[in-house]
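A short worksheet on the structure shown next.
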Amino acid sequence: MSETENGAVPRPVPPVAAPDQPDNDTEAALPQAITIRRDRVSVVWLIPLVALIIGGWLAFKTFSEQGPTIYIQFATAAGLQAGKTKVKFKDVDVGEVTSIDVSDDLKSVVVTAHLKHGAADYLTRGTRFWVERPRVTASRVSGLDTLLSGPFIAIDPVTEGDAERHFVGLEEPPLFTTSEPGKRFQLRSPTLGSLNIGSPVYYRQIQVGQVAGNALDADGRAVSIEVFVSAPHDRLVTRDTRFWNASGVDFSISTNGIQVDTQSLLSVLIGGVSFDTPDTIDGAREPAAVNEVFHLYRGREEAHAKTYAHKERYLLFFQGSVNGLNVGAPVLLRGISIGAVLDVQLTFDPEDFEFQIPVLIEVEPERIGVRGDRDRINQQGVVERLVANGLRGQLKSSSLLTGQLYVDLDFHPNAPAQPLGKHGEYAVLPTVPAPLDALTTKANSILDKLDALPIQQLGQDAAGALASANALLSSKELRGAIVEADAALAAFRQTAERLNSQIAPELSTALRDTSATLKSANAIVSENAPMYIEMQRMFQELSAAARSVRLLTDYLERHPEALLKGKGGGR
């Protein structure tokens, strides 16, 4: 290897003539390089090295500070533009839409967005995206600020959960974000009713939350309703809390009068939910957990009705019409509700060739207070004894206006004796006809008896009696008797006239004289009459004389010698 290849740098040197050769024969001397080895690297090579290091650092910094790329699926891309539409959180830009493509199945669009650095921490399965645009609904108005700035993609970040980069955007913005304090609860109901997303949630007629969503079960038998109660009102929801549908106007007519119950005009228009916690004996109220499930009752009265764990079912067979008896109708025992009707059917018995109407009822024995040990009563066959004493079921009308019927349990001592029966798995309570049916039966019985009467014979007898009466009235004897009676009445009238004209004046004069005599006697014996005063004075003098005689008699008894010697004894 030459010195040049070893890193020596050639240096030009001046030509030197050879002294042994002649001048004319010498040729021009060629320059020769002289190499000198250097032990250190040249400074020039540091420039590209520094540039390479700076470029690598800038590339690493750019890559490390680059935010994540996400993919959001929407139904449409209305209002969205690649390179212009922003991704915002609380009106702060956190990313931008880079591209918009149609999905492979052509049913939706896929929006690709690039977020800022640090956004990966809250991109989890629970994170939600939606397009914020102007919306006007019955429950709220939102997105009016986008009329000028244009729509944008809003994000509701959730830090808990597994990381995710593909999301399905919401068609409607959520009412509450995950950062808002409060709790979500699930309500179960057979139907949704008039509830909608955004319907208010009330506590004692004060709005404390809203309906956040609803979904139909997979089997289609019930509806799940999600409600959000904001803090600090969420602590009012306990495990014993009752929710009921407060939509519209609750209008009822009963023996207590007309009752109208509503929460607000807003709940009448778009529906609403109300809740309350009934008071209990222990008073312990354990707060409800997030997403705890509650039953949604149809109304306030049903929500506050007492519930009992022990329930018993019985079957009753009715012969007459049950028009007006509906499922849910009350079962009363002497006017106290102890249960409800569960089912009403119509069956045909081919053996008896008759129709029967079995009615299934459910009673709650715990509604009836018991003196003493309840278990002891349960072991004594109470129902059998009550049936033996005349307990029967009967249909009665709860309202003449609506025609609604209910099942009444009461004692009928005169009812035919019947034991407690059995039909399948249910015990059968004996029944008696309804009051209207009993009245109809009595009327039919009376009509049957009237029909059995010999009406024709009775008519003939009545006609004969009338003919005999007519003959009697037309007889001469009756006419003579009438003439004699007329003469007797004329004589009686004359006697009365004579008494009135002659005897009555004399009797009146005698009565006047008697009255004057009584007045004179009254004047003589009155207290102010002179005779009464003189007689009173005479009686006083007689009393004084009698007192003197009594004193004289007493003195003579003590001094009998006074008759001979006189008073003083001859002093």
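Each chain in the structure tokens gets a letter, A, B and so on, in the order shown; residues start at 1 in every chain, and ligands are counted from 1 in the order they appear.
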
Self-check item: Contacts of Ile72 in chain A at 12 Å (only C-alpha atoms; same-chain gap of 2+ positions) as a ChimeraX atom specification
Solution: /A:69-70,74-77,87,97-103,108-114,123,127-131,153-155,164-171

Quiz prompt | Residues within 10 Å of Asn323 in chain A, only C-alpha atoms, excluding chain neighbours under 4 positions, as number ranges by chain | solution = A: 403-405

Exercise. Just the residues within 12 Å of Val383 in chain A, please, counting only C-alpha atoms, with nothing from its chain fewer than 4 positions along; format it as a PyMOL selection string.
Key: chain A and resi 312+314+365+377-379+387-392+409+419-421+427-430

Quiz item: Smallest atom-to-atom distance to Leu346 in chain A: which of A:Tyr203, A:Gly328, A:Phe60, A:Phe318, using only C-alpha atoms?
Solution: A:Phe318

Exercise. Work out how far CA of Phe152 in chain A is from CA of Arg135 in chain A, in Å to one decimal.
Key: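 We find that CA of Arg135 in chain A and CA of Phe152 in chain A lie 13.4 Å from each other.
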
Exercise. Find the distance between CA of Ala340 in chain A and CA of Ser399 in chain A and write it in Å to one decimal.
Key: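 Spanning CA of Ala340 in chain A to CA of Ser399 in chain A is a straight-line distance of 17.0 Å.
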
Practice problem: Check the DSSP output for the backbone and give back, as a ChimeraX atom specification, the residues of range 91-276 of chain A in alpha helix (DSSP H). | Solution: /A:146-149,265-270
